[in-house]
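To start, the structure itself, in structure tokens.
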Amino acid sequence: MLFQTQIDLKMRVITKVKEMQKVADELRKEGKIIGVVPTMGYLHEGHLSLIRIAKEKSDVVITTIFVNPLQFAPNEDYDKYPRDLERDVKLAQSAGCDIIFHPSVEEMYPENFLTYVEVEKLTKVLEGEFRPTHFRGVTTVVAKLFNITKPHIAVFGQKDAQQALIIKQMVRDLNFDIEIIVAPIVRESDGLAMSSRNVYLSESERKDATVLYQSLKLAEKLIEESERNSGVIISKMEELIKSKPTAKIDYIAIVDPNTLEKVENLSEGKEYLIALAVRIGSTRLIDNTLVKI
Ligand code: PAF
């Protein structure tokens, strides 16, 4: 394979759907457990942690690298989304990945592509309010990637908590015979959640971006100190975020982690998802924490 010789690695990079399906069929015939880690590339430590988890739980790890145009609205960052396949291949291999599936847009969405997968309700809130077509693009591509890589398990990150919940719902509703594993958020040393989009941040924006994590920590502290009113918690988080000159809040919400319904008053013995999206300059970042009371 040309690409393989160019970067002198043993790992297989597959670009065609049919070839990937054939390889997956052969692996299954040999009795191998296939783990898949779907990504849009520009891998960071967060992705590598997903690959390591997949490696622990399966015999062969396939990392998919595909910047999916379907999940970007026309005003979003599809064109400028960072891409570096050669770097990704090396990093994925160092984390234990065996095969990379890296199709072109034409390979995934040939002319006359007409079928979409849409999960209702869960896709309309939080991110869905600001990115109304986003999750339809995500579930469509993930369903396709599942049919192409034929995994037994698939690993997603908790950083995209809503995405992980929606994918679990799709897997349940459409009877995909795949175990979905959700892996913890990986953070930089100052708390910023790892994201391929962090590269967009200027030096001063990068400093301001830590406010997402700080506001989640503040919420956790308030809850620990017995604050149970979501409105109070959210307004204190807002106040902190607004103190950063480059920050603009899209939403902060305290929700049931299974239904994503907003909760006004927190009750003992329950778990809540505190999720937020904040624009730092022109870069939109999301983060969240799960809090058990
Ligand atoms: O989380 C992502 O990187 C993407 O949404 C995914 C799951 C790879 C689908 O394109």
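Residues are referred to by chain and number: the chain letter is A, B, ... according to the order shown in the structure tokens, the number counts from 1 in that chain, and ligands are numbered separately from 1 in the order shown.
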
Please find the residues contacting ligand 1 at a distance of at most 6 Å between atoms, with only C-alpha atoms and all ligand atoms counted, and report them as a ChimeraX atom specification. /A:38-40,68,138,142

Would you kindly return, as number ranges by chain, each protein, DNA or RNA residue with an atom no farther than 8 Å from any atom of region 84-93 of chain A, considering only C-alpha atoms and excluding same-chain residues fewer than 2 positions away? A: 7, 9, 11, 41-43, 48, 51, 63, 82, 95-98, 100

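With only C-alpha atoms as the basis for measurement, A:Gln71 is the residue among A:Ser202, A:Gln71, A:Ser94, A:Gln158 that approaches Val141 (chain A) most closely.
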
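Distance annotation: of A:Ile166, A:Ile185, A:Ile14, A:Val23, the residue with the minimal separation from Ser49 (chain A) is A:Ile185; atom set is only C-alpha atoms.
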
Which is closer to Asp59 (chain A) than all the others in A:Thr210, A:Ala73, A:Ala24, A:Ile223, using only C-alpha atoms? A:Ala24

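Using only C-alpha atoms, the contacts of Ser267 (chain A) at a cut-off of 12 Å, with sequence neighbours closer than 3 positions omitted, comprise Ile223, Ser226, Glu227, Arg228, Asn229, Ser230, Asp256, Val263, Glu264, Lys270, Glu271, Tyr272, Val291, Lys292 and Ile293 of chain A.
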
Using C-alpha atoms, can you write the selected residues to a file as a PDB file, in the first residue's frame?
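Resulting contents of again_25.pdb:
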ATOM      1  CA  ILE A 223     -23.572  21.102  45.312  1.00  0.00           C
ATOM      2  CA  SER A 226     -25.687  21.646  49.793  1.00  0.00           C
ATOM      3  CA  GLU A 227     -26.941  24.024  47.090  1.00  0.00           C
ATOM      4  CA  ARG A 228     -29.824  22.180  45.405  1.00  0.00           C
ATOM      5  CA  ASN A 229     -31.341  24.879  43.214  1.00  0.00           C
ATOM      6  CA  SER A 230     -30.193  24.581  39.586  1.00  0.00           C
ATOM      7  CA  ASP A 256     -31.093  14.052  33.990  1.00  0.00           C
ATOM      8  CA  VAL A 263     -33.952  19.594  36.550  1.00  0.00           C
ATOM      9  CA  GLU A 264     -34.949  22.555  38.740  1.00  0.00           C
ATOM     10  CA  LYS A 270     -29.641  10.967  42.089  1.00  0.00           C
ATOM     11  CA  GLU A 271     -27.079  11.656  39.397  1.00  0.00           C
ATOM     12  CA  TYR A 272     -27.082  14.774  37.217  1.00  0.00           C
ATOM     13  CA  VAL A 291     -22.517  14.738  39.759  1.00  0.00           C
ATOM     14  CA  LYS A 292     -23.931  12.179  42.177  1.00  0.00           C
ATOM     15  CA  ILE A 293     -25.765  13.706  45.139  1.00  0.00           C
TER      16      ILE A 293
END

I need the residues of region 25-221 of chain A that end up classed as helix (DSSP H, G or I) by DSSP on the backbone, written out as a PyMOL selection string. chain A and resi 25-29+45-57+69-71+85-94+105-108+127-130+134-149+158-173+196-200+203-208+211-221

Using the chain letters and numbers from this document, which residues of region 35-218 of chain A does DSSP assign to strand (DSSP E or B), as number ranges by chain? A: 35-39, 60-65, 99-101, 153-157, 179-183, 187, 193

Serialized selection, C-alpha atoms, as an mmCIF file, in the first residue's frame:
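Listed below is the output, result.cif:
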data_model
loop_
_atom_site.group_PDB
_atom_site.id
_atom_site.type_symbol
_atom_site.label_atom_id
_atom_site.label_comp_id
_atom_site.auth_asym_id
_atom_site.auth_seq_id
_atom_site.Cartn_x
_atom_site.Cartn_y
_atom_site.Cartn_z
ATOM 1 C CA GLY A 35 -13.290 -2.791 18.736
ATOM 2 C CA VAL A 36 -13.925 0.459 16.876
ATOM 3 C CA VAL A 37 -13.063 4.012 17.857
ATOM 4 C CA PRO A 38 -14.839 6.473 15.559
ATOM 5 C CA THR A 39 -13.002 9.805 15.282
ATOM 6 C CA VAL A 60 -8.332 -5.878 16.850
ATOM 7 C CA VAL A 61 -8.846 -2.123 17.122
ATOM 8 C CA ILE A 62 -10.078 -0.143 14.143
ATOM 9 C CA THR A 63 -9.859 3.636 14.400
ATOM 10 C CA THR A 64 -12.001 5.452 11.883
ATOM 11 C CA ILE A 65 -10.777 8.861 10.756
ATOM 12 C CA ILE A 99 -6.278 -0.732 11.394
ATOM 13 C CA ILE A 100 -7.260 2.764 10.300
ATOM 14 C CA PHE A 101 -10.339 3.260 8.177
ATOM 15 C CA ILE A 153 -17.602 -2.953 20.813
ATOM 16 C CA ALA A 154 -17.351 0.760 20.116
ATOM 17 C CA VAL A 155 -15.766 3.376 22.370
ATOM 18 C CA PHE A 156 -16.909 7.004 22.612
ATOM 19 C CA GLY A 157 -15.857 9.823 24.937
ATOM 20 C CA GLU A 179 -21.536 -2.837 23.138
ATOM 21 C CA ILE A 180 -21.076 0.907 23.570
ATOM 22 C CA ILE A 181 -18.399 1.945 26.048
ATOM 23 C CA VAL A 182 -18.226 5.540 27.245
ATOM 24 C CA ALA A 183 -14.770 6.591 28.426
ATOM 25 C CA ARG A 187 -8.115 16.956 30.450
ATOM 26 C CA ALA A 193 -11.035 19.126 28.203
#

Compile a residue-level contact table for region 93-180 of chain A against region 274-277 of chain A at a cut-off of 12 Å, reporting for every qualifying residue the shortest atom pair and its distance in Å to one decimal, with only C-alpha atoms counted, rows ordered by chain and ascending number, as a Markdown table.
| residue | atom | partner | partner_atom | distance |
| --- | --- | --- | --- | --- |
| A:Val125 | CA | A:Ala275 | CA | 11.3 |
| A:Leu126 | CA | A:Ala275 | CA | 8.1 |
| A:Glu127 | CA | A:Ala277 | CA | 7.8 |
| A:Gly128 | CA | A:Ala277 | CA | 11.4 |
| A:Glu129 | CA | A:Ala277 | CA | 11.2 |
| A:Phe130 | CA | A:Ala277 | CA | 9.5 |
| A:Arg131 | CA | A:Ala277 | CA | 11.3 |
| A:Gln158 | CA | A:Ala275 | CA | 11.0 |
| A:Lys159 | CA | A:Ala275 | CA | 9.5 |
| A:Asp160 | CA | A:Ala275 | CA | 9.6 |
| A:Ala161 | CA | A:Ala275 | CA | 8.4 |
| A:Gln162 | CA | A:Ala275 | CA | 9.0 |

Name all residues at most 9 Å from Phe176 (chain A) (count only C-alpha atoms; drop same-chain ones fewer than 4 positions away) and give them as a PyMOL selection string. chain A and resi 143+146+170-172

Using the selection just defined, write its residues with N, CA, C and O atoms as a PDB file, in the first residue's frame.
ATOM      1  N   ALA A 143     -23.812   4.972  12.199  1.00  0.00           N
ATOM      2  CA  ALA A 143     -24.509   3.754  11.738  1.00  0.00           C
ATOM      3  C   ALA A 143     -23.763   3.157  10.537  1.00  0.00           C
ATOM      4  O   ALA A 143     -23.561   1.947  10.451  1.00  0.00           O
ATOM      5  N   PHE A 146     -20.532   1.579  11.684  1.00  0.00           N
ATOM      6  CA  PHE A 146     -20.802   0.287  12.331  1.00  0.00           C
ATOM      7  C   PHE A 146     -21.013  -0.800  11.269  1.00  0.00           C
ATOM      8  O   PHE A 146     -20.508  -1.908  11.392  1.00  0.00           O
ATOM      9  N   MET A 170     -29.614   4.914  19.636  1.00  0.00           N
ATOM     10  CA  MET A 170     -29.686   4.392  18.262  1.00  0.00           C
ATOM     11  C   MET A 170     -29.366   2.901  18.235  1.00  0.00           C
ATOM     12  O   MET A 170     -30.056   2.115  17.559  1.00  0.00           O
ATOM     13  N   VAL A 171     -28.332   2.514  18.986  1.00  0.00           N
ATOM     14  CA  VAL A 171     -27.915   1.103  19.022  1.00  0.00           C
ATOM     15  C   VAL A 171     -29.050   0.231  19.567  1.00  0.00           C
ATOM     16  O   VAL A 171     -29.338  -0.842  19.036  1.00  0.00           O
ATOM     17  N   ARG A 172     -29.714   0.756  20.611  1.00  0.00           N
ATOM     18  CA  ARG A 172     -30.836   0.020  21.203  1.00  0.00           C
ATOM     19  C   ARG A 172     -32.003  -0.043  20.214  1.00  0.00           C
ATOM     20  O   ARG A 172     -32.554  -1.098  19.943  1.00  0.00           O
TER      21      ARG A 172
END

Please provide the set of residues having any atom within 12 Å of Val211 (chain A), restricted to only C-alpha atoms, with same-chain residues fewer than 5 positions apart removed, written as a short mmCIF file (atom, residue, chain, number, x, y, z; two decimals) with N, CA and C atoms, in the first residue's frame.
data_model
loop_
_atom_site.label_atom_id
_atom_site.label_comp_id
_atom_site.auth_asym_id
_atom_site.auth_seq_id
_atom_site.Cartn_x
_atom_site.Cartn_y
_atom_site.Cartn_z
N ASP A 190 -4.38 21.99 33.22
CA ASP A 190 -5.16 23.07 33.84
C ASP A 190 -6.67 22.81 33.76
N GLY A 191 -7.06 21.61 33.36
CA GLY A 191 -8.48 21.24 33.40
C GLY A 191 -9.21 21.33 32.07
N LEU A 192 -8.64 22.04 31.08
CA LEU A 192 -9.34 22.15 29.79
C LEU A 192 -9.53 20.75 29.17
N ALA A 193 -10.77 20.43 28.82
CA ALA A 193 -11.03 19.13 28.20
C ALA A 193 -10.34 19.06 26.85
N GLU A 205 -7.02 33.31 24.47
CA GLU A 205 -8.25 32.49 24.47
C GLU A 205 -8.01 31.16 25.19
N ARG A 206 -6.83 30.60 24.96
CA ARG A 206 -6.51 29.31 25.60
C ARG A 206 -6.58 29.46 27.13
N LEU A 216 -17.46 24.24 36.04
CA LEU A 216 -17.98 22.91 36.43
C LEU A 216 -17.52 22.58 37.84
N LYS A 217 -16.28 22.93 38.15
CA LYS A 217 -15.76 22.69 39.51
C LYS A 217 -16.55 23.52 40.52
N LEU A 218 -16.87 24.76 40.13
CA LEU A 218 -17.66 25.63 41.02
C LEU A 218 -19.02 24.99 41.30
N MET A 237 -22.32 29.98 37.85
CA MET A 237 -21.43 29.53 36.77
C MET A 237 -21.35 30.62 35.69
N GLU A 238 -22.52 31.18 35.37
CA GLU A 238 -22.58 32.24 34.34
C GLU A 238 -21.71 33.43 34.71
N GLU A 239 -21.85 33.82 35.98
CA GLU A 239 -21.08 34.97 36.48
C GLU A 239 -19.58 34.74 36.28
N LEU A 240 -19.13 33.54 36.63
CA LEU A 240 -17.71 33.21 36.49
C LEU A 240 -17.28 33.25 35.02
N ILE A 241 -18.09 32.63 34.18
CA ILE A 241 -17.73 32.55 32.74
C ILE A 241 -17.69 33.94 32.11
N LYS A 242 -18.67 34.77 32.51
CA LYS A 242 -18.75 36.11 31.91
C LYS A 242 -17.59 37.00 32.34
N SER A 243 -16.86 36.60 33.38
CA SER A 243 -15.69 37.40 33.81
C SER A 243 -14.54 37.27 32.81
N LYS A 244 -14.63 36.32 31.89
CA LYS A 244 -13.58 36.15 30.88
C LYS A 244 -13.96 36.93 29.63
N PRO A 245 -13.09 37.83 29.18
CA PRO A 245 -13.48 38.73 28.09
C PRO A 245 -13.86 38.03 26.78
N THR A 246 -13.26 36.88 26.49
CA THR A 246 -13.53 36.26 25.19
C THR A 246 -14.69 35.25 25.23
N ALA A 247 -15.29 35.05 26.41
CA ALA A 247 -16.27 33.96 26.55
C ALA A 247 -17.72 34.40 26.32
N LYS A 248 -18.44 33.62 25.54
CA LYS A 248 -19.89 33.85 25.32
C LYS A 248 -20.61 32.52 25.51
N ILE A 249 -21.60 32.52 26.41
CA ILE A 249 -22.25 31.24 26.75
C ILE A 249 -23.34 30.90 25.73
N LEU A 276 -22.28 22.25 29.39
CA LEU A 276 -22.25 23.63 28.90
C LEU A 276 -21.54 23.73 27.55
N ALA A 277 -21.92 24.76 26.82
CA ALA A 277 -21.23 25.10 25.57
C ALA A 277 -20.92 26.59 25.65
N VAL A 278 -19.67 26.91 25.40
CA VAL A 278 -19.24 28.31 25.51
C VAL A 278 -18.38 28.62 24.29
N ARG A 279 -18.62 29.78 23.70
CA ARG A 279 -17.74 30.21 22.61
C ARG A 279 -16.61 31.05 23.19
N ILE A 280 -15.39 30.64 22.90
CA ILE A 280 -14.22 31.41 23.33
C ILE A 280 -13.69 32.05 22.06
N LEU A 285 -16.65 25.56 22.41
CA LEU A 285 -16.18 24.42 23.21
C LEU A 285 -17.32 23.88 24.05
N ILE A 286 -17.31 22.55 24.29
CA ILE A 286 -18.29 21.96 25.20
C ILE A 286 -17.54 21.21 26.30
N ASP A 287 -18.24 21.05 27.42
CA ASP A 287 -17.66 20.28 28.53
C ASP A 287 -18.83 19.84 29.43
#
